[in-house]
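Student: Mind looking over this structure? Questions follow.
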Amino acid sequence: MTIRDGHAHAPDYIEPVRGWRTWLIVQGHDGARLASVSFPALGPSRRRLAAECGRGFHTAAGPPIRIEHRAPALDCSCGIYATSELERATQIADCATARFRDCLGRPVLGAALGEVSLWGTVVECAHGWRASLAYPARVYVLAPSYGRRSQVVGTDGLADELQVYGVPVGTLDCRSSVEIRRLFADEQQGRAA
Amino acid sequence: MEIGRPHRQYEIEPLDDPVPADEPVESPVPEREPAAPAPEPVPS
């Protein structure tokens, strides 16, 4: 039951949305942690990640007007993002692995791709969602050869450390986004067969 | 991440929490006091 305007409302859905997401893997104070590629936030283990908005509303005309609101709002760009298309997540992985060297002042150890559960307030968009609450559903650590040849920690070691999230964690021995998409397409065909 | 224009907004309240529960902490087996010796039979 959700409280809006002082009244209790039944939820619209009772299953979380599942979308694709790319993470940086960052050295936390007690091991590797998942972090956003676009916002300085570490994903806590065994606790949901809650969105906050530090931006203003985007209006159709004129500059954004800053109005306090709960994330995500329909007229803002805030919220925890996920895409409905694997291809978009792999494109972000292409950028993230090559671009980031540190996050929140901590060294970036690698990158991961996977599915995330989204719930709470959810804004559905043309190619994905923005949500108020999120938690990883399954995580694949990308191989060091995936655009990031300087990765020091091996994928198996990182996958072991990310077990703290309590969700399935694997590794992807792919060297390009094309290989990743082919792998998941084969997996989907295997499920359908 | 570019996810396009928003279409609609809704509320999701999952029946099952998507966040896994904390791993159960194994409670140590309490040490038992050694059993008291059986009382010797009283000669009648």
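Chain labels A, B, ... are given in the sequence in which chains occur in the structure tokens; within each chain residues are numbered consecutively from 1, and ligands are likewise numbered from 1 in the order shown.
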What's around Asp22 (chain B) at 12 Å? Count only C-alpha atoms, leave out sequence neighbours fewer than 4 positions away in its own chain, and write the answer as a ChimeraX atom specification.

Tutor: /A:45-47,164-167 /B:26

Student: Could you give me, as a tab-separated table, every chain A residue with an atom at most 9 Å from chain B, plus its closest atom pair and distance in Å to one decimal, counting only C-alpha atoms, rows ordered by chain then number?

Tutor:
residue	atom	partner	partner_atom	distance
A:Met1	CA	B:Glu13	CA	7.5
A:Thr2	CA	B:Glu11	CA	8.0
A:Ala10	CA	B:Glu11	CA	8.6
A:Pro11	CA	B:Glu11	CA	5.3
A:Asp12	CA	B:Glu11	CA	5.3
A:Tyr13	CA	B:Ile12	CA	4.8
A:Ile14	CA	B:Pro14	CA	4.3
A:Glu15	CA	B:Pro14	CA	4.9
A:Pro16	CA	B:Pro14	CA	5.8
A:Val17	CA	B:Ile12	CA	8.3
A:Val37	CA	B:Met1	CA	8.9
A:Ser38	CA	B:Met1	CA	7.7
A:Ser45	CA	B:Val19	CA	8.8
A:Arg46	CA	B:Val19	CA	5.8
A:Arg47	CA	B:Val19	CA	6.4
A:Arg48	CA	B:Val19	CA	6.4
A:Ala73	CA	B:Gln9	CA	8.4
A:Leu74	CA	B:Pro6	CA	6.6
A:Asp75	CA	B:Pro6	CA	8.2
A:Tyr81	CA	B:Met1	CA	7.1
A:Ala82	CA	B:Ile3	CA	7.9
A:Thr83	CA	B:Ile3	CA	6.3
A:Ser84	CA	B:Ile3	CA	8.4
A:Arg88	CA	B:Met1	CA	8.1
A:Ala89	CA	B:Met1	CA	8.3
A:Ile92	CA	B:Met1	CA	7.3
A:Ser117	CA	B:Pro18	CA	6.7
A:Leu118	CA	B:Ile12	CA	8.3
A:Trp119	CA	B:Ile12	CA	5.0
A:Gly120	CA	B:Ile12	CA	4.9
A:Thr121	CA	B:Glu11	CA	4.7
A:Val122	CA	B:Tyr10	CA	5.4
A:Val123	CA	B:Gln9	CA	4.4
A:Glu124	CA	B:Arg8	CA	5.4
A:Cys125	CA	B:Pro6	CA	3.9
A:Ala126	CA	B:Gly4	CA	4.9
A:His127	CA	B:Ile3	CA	4.5
A:Gly128	CA	B:Ile3	CA	5.1
A:Trp129	CA	B:Ile3	CA	7.1
A:Arg130	CA	B:Ile3	CA	8.7
A:Ala134	CA	B:Pro18	CA	8.4
A:Tyr135	CA	B:Val19	CA	6.3
A:Pro136	CA	B:Val19	CA	8.3
A:Ala137	CA	B:Pro18	CA	7.6
A:Tyr165	CA	B:Pro20	CA	7.7
A:Gly166	CA	B:Pro20	CA	6.0
A:Val167	CA	B:Pro20	CA	7.3

Student: Record the distance separating CA of Glu187 (chain A) and CA of Gly19 (chain A), expressed in Å with one decimal.

Tutor: 16.5 Å

Student: Would you mind reading off the distance between CA of Pro144 (chain A) and CA of Leu109 (chain A), one decimal, in Å?

Tutor: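 Computing the Euclidean distance for CA of Pro144 (chain A) and CA of Leu109 (chain A) yields 9.4 Å.
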
Student: Please, what distance in Å, to one decimal, runs between CA of Gln189 (chain A) and CA of Cys174 (chain A)?

Tutor: 18.5 Å

Student: Could you pull the residues within 8 Å of Leu42 (chain A), counting only C-alpha atoms, minus those fewer than 3 positions along the same chain, as a list in words?

Tutor: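 In the requested format, the answer is Val26, Arg33, Leu34, Ala35 and Ser36 of chain A.
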
Student: When distances are computed from only C-alpha atoms, which of A:His9, A:His69, A:Arg181, A:His29 shows the smallest separation from Leu113 (chain A)?

Tutor: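 When distances to Leu113 (chain A) are compared using only C-alpha atoms, the smallest one comes from A:Arg181.
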
Student: Return the single residue from A:Ile25, A:Ile180, A:Val169, A:Ala71 that is closest to Gly110 (chain A), with distances computed using only C-alpha atoms.

Tutor: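 Closest to Gly110 (chain A) of all the choices is A:Ile25.
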
Student: Enumerate, as JSON, numbers by chain, the complete set of residues in chain A that a backbone-based DSSP assignment places in helix (DSSP H, G or I).

Tutor: {"A": [86, 87, 88, 89, 90, 91, 92, 93, 94, 95, 96, 97, 98, 99, 155, 156, 157, 158, 159, 160, 161, 162, 163, 164, 165, 177, 178, 179, 180, 181, 182, 183, 184, 185, 186, 187, 188, 189, 190, 191, 192]}

Student: With N, CA and C atoms retained, export the selected residues as a tab-separated table (two decimals), in the first residue's frame.

Tutor:
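Result file is result_2.tsv:
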chain	number	residue	atom	x	y	z
A	86	LEU	N	19.32	-4.72	-24.34
A	86	LEU	CA	20.69	-5.12	-24.01
A	86	LEU	C	21.71	-4.30	-24.79
A	87	GLU	N	21.38	-4.00	-26.05
A	87	GLU	CA	22.32	-3.28	-26.91
A	87	GLU	C	22.74	-1.94	-26.29
A	88	ARG	N	21.76	-1.24	-25.68
A	88	ARG	CA	22.09	0.05	-25.07
A	88	ARG	C	23.02	-0.12	-23.87
A	89	ALA	N	22.79	-1.17	-23.10
A	89	ALA	CA	23.64	-1.41	-21.93
A	89	ALA	C	25.06	-1.75	-22.37
A	90	THR	N	25.19	-2.50	-23.46
A	90	THR	CA	26.54	-2.86	-23.92
A	90	THR	C	27.27	-1.64	-24.49
A	91	GLN	N	26.50	-0.71	-25.08
A	91	GLN	CA	27.14	0.52	-25.58
A	91	GLN	C	27.71	1.32	-24.42
A	92	ILE	N	26.97	1.33	-23.31
A	92	ILE	CA	27.46	2.06	-22.12
A	92	ILE	C	28.68	1.35	-21.56
A	93	ALA	N	28.66	0.02	-21.60
A	93	ALA	CA	29.82	-0.74	-21.13
A	93	ALA	C	31.05	-0.40	-21.97
A	94	ASP	N	30.84	-0.22	-23.27
A	94	ASP	CA	31.96	0.16	-24.15
A	94	ASP	C	32.61	1.45	-23.66
A	95	CYS	N	31.76	2.44	-23.33
A	95	CYS	CA	32.28	3.74	-22.88
A	95	CYS	C	32.88	3.62	-21.48
A	96	ALA	N	32.14	2.97	-20.58
A	96	ALA	CA	32.52	2.96	-19.17
A	96	ALA	C	33.87	2.30	-18.95
A	97	THR	N	34.09	1.20	-19.64
A	97	THR	CA	35.33	0.47	-19.39
A	97	THR	C	36.55	1.23	-19.88
A	98	ALA	N	36.36	2.03	-20.91
A	98	ALA	CA	37.51	2.76	-21.45
A	98	ALA	C	37.72	4.10	-20.75
A	99	ARG	N	36.64	4.66	-20.18
A	99	ARG	CA	36.67	6.06	-19.75
A	99	ARG	C	37.04	6.25	-18.28
A	155	THR	N	38.71	-11.36	-13.31
A	155	THR	CA	37.24	-11.38	-13.26
A	155	THR	C	36.72	-12.36	-12.22
A	156	ASP	N	37.40	-13.51	-12.08
A	156	ASP	CA	36.93	-14.48	-11.09
A	156	ASP	C	37.03	-13.91	-9.67
A	157	GLY	N	38.12	-13.20	-9.40
A	157	GLY	CA	38.30	-12.59	-8.08
A	157	GLY	C	37.23	-11.54	-7.82
A	158	LEU	N	36.93	-10.72	-8.83
A	158	LEU	CA	35.90	-9.70	-8.67
A	158	LEU	C	34.53	-10.35	-8.48
A	159	ALA	N	34.28	-11.40	-9.26
A	159	ALA	CA	32.98	-12.09	-9.14
A	159	ALA	C	32.82	-12.67	-7.73
A	160	ASP	N	33.90	-13.19	-7.19
A	160	ASP	CA	33.84	-13.73	-5.81
A	160	ASP	C	33.49	-12.61	-4.82
A	161	GLU	N	34.14	-11.46	-4.99
A	161	GLU	CA	33.90	-10.36	-4.04
A	161	GLU	C	32.47	-9.83	-4.16
A	162	LEU	N	31.91	-9.88	-5.37
A	162	LEU	CA	30.55	-9.34	-5.57
A	162	LEU	C	29.47	-10.31	-5.10
A	163	GLN	N	29.87	-11.48	-4.62
A	163	GLN	CA	28.88	-12.41	-4.05
A	163	GLN	C	28.19	-11.80	-2.84
A	164	VAL	N	28.78	-10.74	-2.27
A	164	VAL	CA	28.15	-10.11	-1.09
A	164	VAL	C	26.76	-9.59	-1.40
A	165	TYR	N	26.46	-9.38	-2.69
A	165	TYR	CA	25.13	-8.88	-3.06
A	165	TYR	C	24.06	-9.96	-2.93
A	177	SER	N	30.98	-5.67	-27.50
A	177	SER	CA	29.54	-5.64	-27.26
A	177	SER	C	28.81	-6.58	-28.21
A	178	VAL	N	29.36	-6.77	-29.40
A	178	VAL	CA	28.75	-7.69	-30.37
A	178	VAL	C	28.77	-9.11	-29.82
A	179	GLU	N	29.91	-9.49	-29.23
A	179	GLU	CA	30.01	-10.84	-28.64
A	179	GLU	C	29.02	-11.01	-27.50
A	180	ILE	N	28.86	-9.98	-26.68
A	180	ILE	CA	27.92	-10.06	-25.55
A	180	ILE	C	26.50	-10.27	-26.05
A	181	ARG	N	26.12	-9.48	-27.05
A	181	ARG	CA	24.75	-9.59	-27.56
A	181	ARG	C	24.51	-10.96	-28.18
A	182	ARG	N	25.54	-11.47	-28.84
A	182	ARG	CA	25.41	-12.81	-29.46
A	182	ARG	C	25.24	-13.87	-28.37
A	183	LEU	N	26.01	-13.72	-27.29
A	183	LEU	CA	25.96	-14.69	-26.19
A	183	LEU	C	24.56	-14.73	-25.56
A	184	PHE	N	24.00	-13.54	-25.27
A	184	PHE	CA	22.68	-13.50	-24.64
A	184	PHE	C	21.58	-13.93	-25.60
A	185	ALA	N	21.79	-13.65	-26.89
A	185	ALA	CA	20.80	-14.10	-27.88
A	185	ALA	C	20.78	-15.62	-27.91
A	186	ASP	N	21.98	-16.24	-27.85
A	186	ASP	CA	22.05	-17.70	-27.82
A	186	ASP	C	21.37	-18.24	-26.58
A	187	GLU	N	21.59	-17.53	-25.44
A	187	GLU	CA	20.98	-17.97	-24.17
A	187	GLU	C	19.47	-17.94	-24.27
A	188	GLN	N	18.95	-16.85	-24.85
A	188	GLN	CA	17.49	-16.73	-24.98
A	188	GLN	C	16.93	-17.81	-25.90
A	189	GLN	N	17.67	-18.10	-26.97
A	189	GLN	CA	17.21	-19.16	-27.88
A	189	GLN	C	17.22	-20.50	-27.18
A	190	GLY	N	18.26	-20.69	-26.33
A	190	GLY	CA	18.36	-21.93	-25.57
A	190	GLY	C	17.18	-22.10	-24.62
A	191	ARG	N	16.77	-20.96	-23.99
A	191	ARG	CA	15.63	-21.02	-23.08
A	191	ARG	C	14.34	-21.34	-23.83
A	192	ALA	N	14.22	-20.71	-25.03
A	192	ALA	CA	12.99	-20.88	-25.80
A	192	ALA	C	12.86	-22.30	-26.34
